[in-house]
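Have a look at coords.pdb below; it lists PDB, C-alpha atoms, pLDDT in the B column.
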```pdb
ATOM      1  CA  MET A  20     195.233 103.777  61.267  1.00 62.00           C
ATOM      2  CA  ASN A  21     197.205 103.120  64.468  1.00 69.00           C
ATOM      3  CA  ARG A  22     200.023 105.243  63.107  1.00 66.00           C
ATOM      4  CA  VAL A  23     197.703 108.265  62.702  1.00 55.00           C
ATOM      5  CA  LYS A  24     196.391 107.834  66.259  1.00 58.00           C
ATOM      6  CA  PHE A  25     199.943 107.595  67.595  1.00 47.00           C
ATOM      7  CA  ILE A  26     201.067 110.739  65.762  1.00 55.00           C
ATOM      8  CA  THR A  27     197.936 112.618  66.880  1.00 51.00           C
ATOM      9  CA  ALA A  28     198.412 111.545  70.502  1.00 48.00           C
ATOM     10  CA  PHE A  29     202.100 112.535  70.380  1.00 44.00           C
ATOM     11  CA  ALA A  30     201.226 115.952  68.903  1.00 43.00           C
ATOM     12  CA  VAL A  31     198.616 116.594  71.613  1.00 39.00           C
ATOM     13  CA  LEU A  32     201.059 115.566  74.343  1.00 36.00           C
ATOM     14  CA  PHE A  33     203.791 117.776  72.864  1.00 40.00           C
ATOM     15  CA  LEU A  34     201.451 120.794  72.712  1.00 39.00           C
ATOM     16  CA  ALA A  35     200.346 120.200  76.313  1.00 40.00           C
ATOM     17  CA  VAL A  36     203.956 120.113  77.542  1.00 38.00           C
ATOM     18  CA  VAL A  37     204.871 123.262  75.602  1.00 36.00           C
ATOM     19  CA  SER A  38     201.763 125.093  76.866  1.00 45.00           C
ATOM     20  CA  CYS A  39     202.490 124.178  80.498  1.00 40.00           C
ATOM     21  CA  SER A  40     206.068 125.350  80.111  1.00 40.00           C
ATOM     22  CA  MET A  41     204.924 128.690  78.696  1.00 41.00           C
ATOM     23  CA  LEU A  42     202.417 129.171  81.539  1.00 40.00           C
ATOM     24  CA  LYS A  43     205.119 128.451  84.099  1.00 38.00           C
ATOM     25  CA  ASN A  44     207.347 131.120  82.551  1.00 40.00           C
ATOM     26  CA  LEU A  45     204.508 133.658  82.591  1.00 47.00           C
ATOM     27  CA  ALA A  46     203.591 132.937  86.217  1.00 50.00           C
ATOM     28  CA  GLY A  47     207.184 132.918  87.434  1.00 64.00           C
ATOM     29  CA  GLY A  48     208.152 136.323  86.074  1.00 92.00           C
ATOM     30  CA  ASP A  49     209.116 139.453  87.979  1.00 97.00           C
ATOM     31  CA  LYS A  50     206.273 141.252  89.742  1.00 98.00           C
ATOM     32  CA  LEU A  51     205.967 144.729  91.291  1.00 98.00           C
ATOM     33  CA  TYR A  52     202.879 145.281  93.450  1.00 98.00           C
ATOM     34  CA  PHE A  53     201.622 147.312  96.412  1.00 98.00           C
ATOM     35  CA  CYS A  54     200.469 146.909 100.003  1.00 98.00           C
ATOM     36  CA  GLU A  55     199.735 149.096 103.017  1.00 97.00           C
ATOM     37  CA  LYS A  56     202.765 147.736 104.875  1.00 95.00           C
ATOM     38  CA  TYR A  57     205.047 144.733 105.165  1.00 96.00           C
ATOM     39  CA  THR A  58     205.767 143.041 108.481  1.00 91.00           C
ATOM     40  CA  THR A  59     206.488 139.338 107.986  1.00 90.00           C
ATOM     41  CA  LYS A  60     203.984 139.322 105.130  1.00 90.00           C
ATOM     42  CA  GLU A  61     202.068 141.798 102.993  1.00 93.00           C
ATOM     43  CA  VAL A  62     199.285 143.653 104.825  1.00 95.00           C
ATOM     44  CA  GLY A  63     196.527 145.189 102.721  1.00 96.00           C
ATOM     45  CA  GLU A  64     197.740 144.207  99.264  1.00 97.00           C
ATOM     46  CA  GLY A  65     195.924 145.995  96.456  1.00 97.00           C
ATOM     47  CA  SER A  66     196.052 148.360  93.513  1.00 97.00           C
ATOM     48  CA  LYS A  67     193.943 151.234  94.899  1.00 98.00           C
ATOM     49  CA  PHE A  68     194.896 153.255  97.992  1.00 98.00           C
ATOM     50  CA  THR A  69     194.322 156.674  99.540  1.00 97.00           C
ATOM     51  CA  THR A  70     197.012 159.366  99.592  1.00 97.00           C
ATOM     52  CA  GLY A  71     199.907 158.758 101.952  1.00 97.00           C
ATOM     53  CA  LYS A  72     202.644 156.154 102.286  1.00 97.00           C
ATOM     54  CA  LEU A  73     202.600 152.628 100.863  1.00 97.00           C
ATOM     55  CA  THR A  74     204.979 149.746 100.570  1.00 98.00           C
ATOM     56  CA  VAL A  75     206.115 148.741  97.096  1.00 98.00           C
ATOM     57  CA  MET A  76     206.780 145.000  96.829  1.00 98.00           C
ATOM     58  CA  LEU A  77     209.106 143.341  94.331  1.00 98.00           C
ATOM     59  CA  LYS A  78     209.097 139.587  93.738  1.00 98.00           C
ATOM     60  CA  LEU A  79     211.753 138.369  91.288  1.00 98.00           C
ATOM     61  CA  ALA A  80     212.350 135.088  89.497  1.00 97.00           C
ATOM     62  CA  LYS A  81     216.075 135.380  90.310  1.00 97.00           C
ATOM     63  CA  PRO A  82     218.245 137.573  92.604  1.00 98.00           C
ATOM     64  CA  ILE A  83     218.293 141.276  91.791  1.00 97.00           C
ATOM     65  CA  GLY A  84     222.069 141.349  91.199  1.00 97.00           C
ATOM     66  CA  VAL A  85     222.672 144.991  92.182  1.00 97.00           C
ATOM     67  CA  SER A  86     223.188 146.897  95.445  1.00 97.00           C
ATOM     68  CA  SER A  87     221.011 149.934  94.757  1.00 98.00           C
ATOM     69  CA  VAL A  88     217.855 150.704  92.792  1.00 98.00           C
ATOM     70  CA  ASP A  89     215.437 153.556  92.219  1.00 98.00           C
ATOM     71  CA  ILE A  90     211.679 153.425  92.581  1.00 98.00           C
ATOM     72  CA  ASN A  91     210.437 155.718  89.820  1.00 98.00           C
ATOM     73  CA  ILE A  92     206.895 157.101  89.998  1.00 98.00           C
ATOM     74  CA  THR A  93     205.343 158.412  86.780  1.00 98.00           C
ATOM     75  CA  ASP A  94     201.929 160.044  86.387  1.00 97.00           C
ATOM     76  CA  GLU A  95     200.179 157.729  83.959  1.00 97.00           C
ATOM     77  CA  ALA A  96     197.971 160.467  82.453  1.00 94.00           C
ATOM     78  CA  SER A  97     200.773 162.913  81.610  1.00 96.00           C
ATOM     79  CA  GLY A  98     203.714 160.506  81.349  1.00 96.00           C
ATOM     80  CA  LYS A  99     205.768 162.831  83.563  1.00 96.00           C
ATOM     81  CA  ALA A 100     208.013 161.531  86.326  1.00 96.00           C
ATOM     82  CA  VAL A 101     206.653 162.606  89.719  1.00 96.00           C
ATOM     83  CA  ASN A 102     209.347 161.240  92.027  1.00 97.00           C
ATOM     84  CA  THR A 103     212.349 158.932  92.107  1.00 97.00           C
ATOM     85  CA  VAL A 104     213.264 157.315  95.421  1.00 97.00           C
ATOM     86  CA  PRO A 105     216.652 155.573  95.839  1.00 98.00           C
ATOM     87  CA  PHE A 106     216.940 152.357  97.875  1.00 98.00           C
ATOM     88  CA  THR A 107     219.838 150.162  98.949  1.00 98.00           C
ATOM     89  CA  VAL A 108     219.325 146.416  98.456  1.00 98.00           C
ATOM     90  CA  GLU A 109     221.376 143.225  98.673  1.00 98.00           C
ATOM     91  CA  SER A 110     222.335 141.715  95.323  1.00 97.00           C
ATOM     92  CA  SER A 111     221.197 138.254  96.491  1.00 98.00           C
ATOM     93  CA  TRP A 112     217.623 139.366  97.289  1.00 98.00           C
ATOM     94  CA  ASP A 113     214.718 138.193  95.139  1.00 98.00           C
ATOM     95  CA  TYR A 114     211.872 139.378  97.416  1.00 97.00           C
ATOM     96  CA  ILE A 115     212.107 143.036  98.444  1.00 98.00           C
ATOM     97  CA  HIS A 116     209.865 145.562 100.154  1.00 97.00           C
ATOM     98  CA  PHE A 117     210.353 149.301  99.722  1.00 98.00           C
ATOM     99  CA  ASP A 118     208.696 150.986 102.697  1.00 97.00           C
ATOM    100  CA  ASP A 119     207.180 154.454 103.001  1.00 97.00           C
ATOM    101  CA  VAL A 120     206.886 155.389  99.342  1.00 97.00           C
ATOM    102  CA  THR A 121     204.777 158.572  99.424  1.00 97.00           C
ATOM    103  CA  PHE A 122     201.865 159.405  97.123  1.00 97.00           C
ATOM    104  CA  ASP A 123     200.621 162.916  97.965  1.00 95.00           C
ATOM    105  CA  GLU A 124     198.199 163.487  95.083  1.00 96.00           C
ATOM    106  CA  PRO A 125     195.314 161.388  93.732  1.00 97.00           C
ATOM    107  CA  GLY A 126     195.872 159.838  90.315  1.00 97.00           C
ATOM    108  CA  LYS A 127     196.993 156.723  88.518  1.00 98.00           C
ATOM    109  CA  TYR A 128     200.732 156.071  88.680  1.00 98.00           C
ATOM    110  CA  LYS A 129     203.120 153.763  86.898  1.00 98.00           C
ATOM    111  CA  VAL A 130     205.728 152.651  89.419  1.00 98.00           C
ATOM    112  CA  SER A 131     208.957 151.065  88.204  1.00 98.00           C
ATOM    113  CA  CYS A 132     211.951 149.572  89.942  1.00 98.00           C
ATOM    114  CA  LEU A 133     215.048 150.617  87.998  1.00 98.00           C
ATOM    115  CA  LYS A 134     218.689 149.682  88.117  1.00 97.00           C
ATOM    116  CA  LYS A 135     221.007 152.703  88.321  1.00 95.00           C
ATOM    117  CA  ASP A 136     221.740 152.366  84.580  1.00 96.00           C
ATOM    118  CA  GLY A 137     218.012 152.863  83.875  1.00 94.00           C
ATOM    119  CA  THR A 138     217.182 149.212  83.164  1.00 96.00           C
ATOM    120  CA  VAL A 139     213.601 148.464  84.208  1.00 97.00           C
ATOM    121  CA  ILE A 140     213.390 145.487  86.577  1.00 97.00           C
ATOM    122  CA  ALA A 141     209.588 145.466  86.976  1.00 98.00           C
ATOM    123  CA  THR A 142     206.634 147.840  86.716  1.00 98.00           C
ATOM    124  CA  GLY A 143     203.201 148.074  88.317  1.00 98.00           C
ATOM    125  CA  VAL A 144     200.283 150.505  88.301  1.00 98.00           C
ATOM    126  CA  VAL A 145     198.592 151.949  91.386  1.00 98.00           C
ATOM    127  CA  GLU A 146     195.574 154.223  91.720  1.00 98.00           C
ATOM    128  CA  ILE A 147     195.628 156.811  94.489  1.00 98.00           C
ATOM    129  CA  THR A 148     192.404 158.417  95.754  1.00 97.00           C
ATOM    130  CA  LYS A 149     191.743 161.059  98.438  1.00 92.00           C
TER     131      LYS A 149
END
```
Now that the file is in, can you turn its structure into structure tokens?
Amino acid sequence: MNRVKFITAFAVLFLAVVSCSMLKNLAGGDKLYFCEKYTTKEVGEGSKFTTGKLTVMLKLAKPIGVSSVDINITDEASGKAVNTVPFTVESSWDYIHFDDVTFDEPGKYKVSCLKKDGTVIATGVVEITK
């Protein structure tokens, strides 16, 4: 009977360790999100804004590894690219703000940070209202 309890306890402990490890990987992934502006921290972080300029934020699990990227804006309803804005970055950066990204028309947009070869680094969705 003690053997069954030991095996059960070991299995529960193993599953707990594996689950915690998986949660850590999910939480520590790359993230693209939005705010009104960035000074020394995000100001007005959110997912819904009025037309105009916003700051696109990128938080990475490891350094970006390239010196230039594109912020690609795609209309979510039509799937058509609306704008692509190039930015220069430092390859060692893992926390980046892209200032003054313009959204002139209301709608829901998929915004992606892309390497120059087209590899998607991270994606987020923003809703723009009047």
*Skip stretch 57-70 of chain A itself and residues of its chain fewer than 3 positions away, then list as a PyMOL selection string all residues within 12 Å of it, counting all atoms listed in the file.*
chain A and resi 51-54+73-78+114-130+143-149
Evaluated on this file, the PyMOL selection byres ((chain A and resi 135) around 10) picks out some residues - which ones are they, written as a PDB file with C-alpha atoms, in the coordinates of the input?
```pdb
ATOM      1  CA  VAL A  85     222.672 144.991  92.182  1.00 97.00           C
ATOM      2  CA  SER A  86     223.188 146.897  95.445  1.00 97.00           C
ATOM      3  CA  SER A  87     221.011 149.934  94.757  1.00 98.00           C
ATOM      4  CA  VAL A  88     217.855 150.704  92.792  1.00 98.00           C
ATOM      5  CA  ASP A  89     215.437 153.556  92.219  1.00 98.00           C
ATOM      6  CA  PRO A 105     216.652 155.573  95.839  1.00 98.00           C
ATOM      7  CA  CYS A 132     211.951 149.572  89.942  1.00 98.00           C
ATOM      8  CA  LEU A 133     215.048 150.617  87.998  1.00 98.00           C
ATOM      9  CA  LYS A 134     218.689 149.682  88.117  1.00 97.00           C
ATOM     10  CA  ASP A 136     221.740 152.366  84.580  1.00 96.00           C
ATOM     11  CA  GLY A 137     218.012 152.863  83.875  1.00 94.00           C
ATOM     12  CA  THR A 138     217.182 149.212  83.164  1.00 96.00           C
ATOM     13  CA  VAL A 139     213.601 148.464  84.208  1.00 97.00           C
TER      14      VAL A 139
END
```
*Can you tell me how far atom CA of A:Ser111 sits from atom CA of A:Lys56, in Å to one decimal?*
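Separating atom CA of A:Ser111 from atom CA of A:Lys56 is a distance of 22.4 Å.
Nearest residue to A:Ser110, choosing from A:Ser131, A:Gly98, A:Thr93, A:Gly84 and counting all atoms listed in the file: A:Gly84.
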*Please, what distance in Å, to one decimal, runs between atom CA of A:Phe106 and atom CA of A:Asp94?*
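According to the coordinates, atom CA of A:Phe106 and atom CA of A:Asp94 are separated by 20.4 Å.
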*Explicit residue set for the PyMOL selection byres ((chain A and resi 102) around 7), as an MDAnalysis selection string*: chainID A and resid 91:92 100:101 103:104
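Across the structure, atom CA of A:Asp49 and atom CA of A:Trp112 are spaced 12.6 Å apart.
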Could you put an axis-aligned box around every listed atom of stretch 101-118 of chain A, padded by 3 Å on each side, and send me its centre and edge lengths in Å to one decimal, as lines of an AutoDock Vina configuration file?
```
center_x = 214.5
center_y = 150.4
center_z = 96.2
size_x = 21.7
size_y = 30.4
size_z = 19.0
```
_Among listed residues A:Ile90, A:Ala141, A:Ala80, A:Ala96, nearest A:Gly48 (using only C-alpha atoms)_ =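 Using only C-alpha atoms, A:Gly48 sits closest to A:Ala80.
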